[in-house]
Amino acid sequence: MSDTLKDLWPGQSVPLLKALHILTHNGGLNADSRRKLKQVQHLAQLIKPAIDASLKEKDQPVLADLGAGKSYLGFILYDLYFAPAGRGKVLAVEARADLVATAKKIAAESGFDRMEFVESKIADSEAGKVDIVTALHACDTATDEAILFALKHDAKYVALVPCCQAEVARELESATNGLNQLWRHPIHRREMGAHLTNVLRGLFLEAHGYKVRVTELTGLEHSLKNEFIFAERHQRANPRARAEFEKLAKEIGAAPKLLAESII
């Protein structure tokens with residue numbers, strides 16, 4: 001147990017981590033759980049400035065964790081930041097009923113009364129004003145749905161770690177623009193599709209007035225899905241970024257459909 005505690009941050013709830021099956025009942029931490037914990041800890045550290053700023057600006061800021069899965073991220077953010085602050089709310093949106101039911105049970109047992117769990121697809125979910133949007137490893141177009149959710153609910157901060165991205169790679173198969181050698185082989189098409197998707201996501205956020213930073217989430221030994229997109233809104237629109245989005249999408253002949261349809 002003493003070795004395991006080295007991996008935990010001061011103040012992290014051991015009972016919570018056991019309930020999430022990150023720690024075993026004996027307090028142990030296997031290799032897979034250690035990777036999961038490191039990912040979420042790194043993301044929590046990267047999101048902390050947005051939470052601190054939101055707590056400073058508002059009495060009851062709201063963080064929406066989309067495609068929440070088992071709600072690892074939402075629970076740890078609440079445990080580390082919202083619980084000690086004594087205010088603020090975490091809203092977890094997840095489409096799978098069994099995961100929502102389990103998360104509700106863990107929240108009740110942990111006394112996390114300012115966590116709310118909504119059984120819904122991201123695109124169908126409704127909320128009031130949201131200050132921070134997070135999406136950890138939301139697959140394929142779910143990350144685009146998270147971006148549109150952020151715009152719809154006027155979020156100031158958006159923190160994304162995209163997962164598998166297949167939509168644009170499929171579009172590249174039929175794209176003919178003189179650049180085809182860049183993605184002629186399937187492995188290159190998959191990598192190029194993922195890269196192009198995230199470039200366009202950044203431009204889309206910039207087009208809507210966000211300042212965007214793209215960096216690593218954590219070391220590759222902890223996650224191969226390692227790109228972290230962080231955006232903070234400073235204005236309502238950026239026509240130059242919108243023009244760059246449209247130009248790149250046109251020249252390549254491919255773009256995330258949800259974003260391309262919403263850029264206007």
# chains A, B, ... in the order shown; residues from 1 in each chain; ligands from 1
call {"tool": "residues_around", "arguments": {"residues": "Ser13 in chain A", "least_positions_apart": "5", "cutoff": "9 Å", "atoms": "only C-alpha atoms", "output": "tab-separated table (two decimals) with N, CA, C and O atoms, in the first residue's frame"}}
result
chain	number	residue	atom	x	y	z
A	8	LEU	N	-0.54	8.43	-5.67
A	8	LEU	CA	-1.72	9.24	-5.38
A	8	LEU	C	-1.31	10.66	-5.04
A	8	LEU	O	-0.23	10.92	-4.54
A	18	LYS	N	-10.95	2.94	-4.82
A	18	LYS	CA	-11.33	1.52	-4.70
A	18	LYS	C	-12.70	1.29	-5.35
A	18	LYS	O	-12.90	0.31	-6.07
A	76	ILE	N	-12.72	12.24	-10.04
A	76	ILE	CA	-11.42	12.72	-9.54
A	76	ILE	C	-11.38	14.24	-9.52
A	76	ILE	O	-10.84	14.84	-8.59
A	79	ASP	N	-13.39	15.18	-6.47
A	79	ASP	CA	-12.67	14.82	-5.25
A	79	ASP	C	-11.53	15.79	-4.97
A	79	ASP	O	-11.33	16.22	-3.83
A	80	LEU	N	-10.79	16.16	-6.01
A	80	LEU	CA	-9.60	17.00	-5.84
A	80	LEU	C	-9.92	18.49	-5.71
A	80	LEU	O	-9.25	19.20	-4.96
call {"tool": "residues_around", "arguments": {"residues": "Ala83 in chain A", "least_positions_apart": "2", "cutoff": "12 Å", "atoms": "only C-alpha atoms", "output": "list of chain:residue names"}}
result
A:Gly11, A:Gln12, A:Ser13, A:Leu55, A:Gly74, A:Phe75, A:Ile76, A:Leu77, A:Tyr78, A:Asp79, A:Leu80, A:Tyr81, A:Ala85, A:Gly86, A:Arg87, A:Gly88, A:Lys89, A:Val90, A:Ala107, A:Ser110, A:Gly111, A:Phe112, A:Asp113, A:Arg114, A:Met115
call {"tool": "closest_residue", "arguments": {"among": "A:Ala243, A:Lys105, A:Val199, A:Thr141", "to": "Phe228 in chain A", "atoms": "only C-alpha atoms"}}
result
A:Val199
call {"tool": "atom_distance", "arguments": {"atom1": "CA of Lys58 in chain A", "atom2": "CA of Ala231 in chain A"}}
result
18.9 Å
call {"tool": "select_by_dssp", "arguments": {"residues": "range 32-130 of chain A", "states": "strand (DSSP E)", "output": "NGL selection string"}}
result
:A and (62-66 or 89-94 or 115-119)
call {"tool": "closest_residue", "arguments": {"among": "A:Lys56, A:Lys129, A:His25, A:His137", "to": "Tyr72 in chain A", "atoms": "only C-alpha atoms"}}
result
A:His137
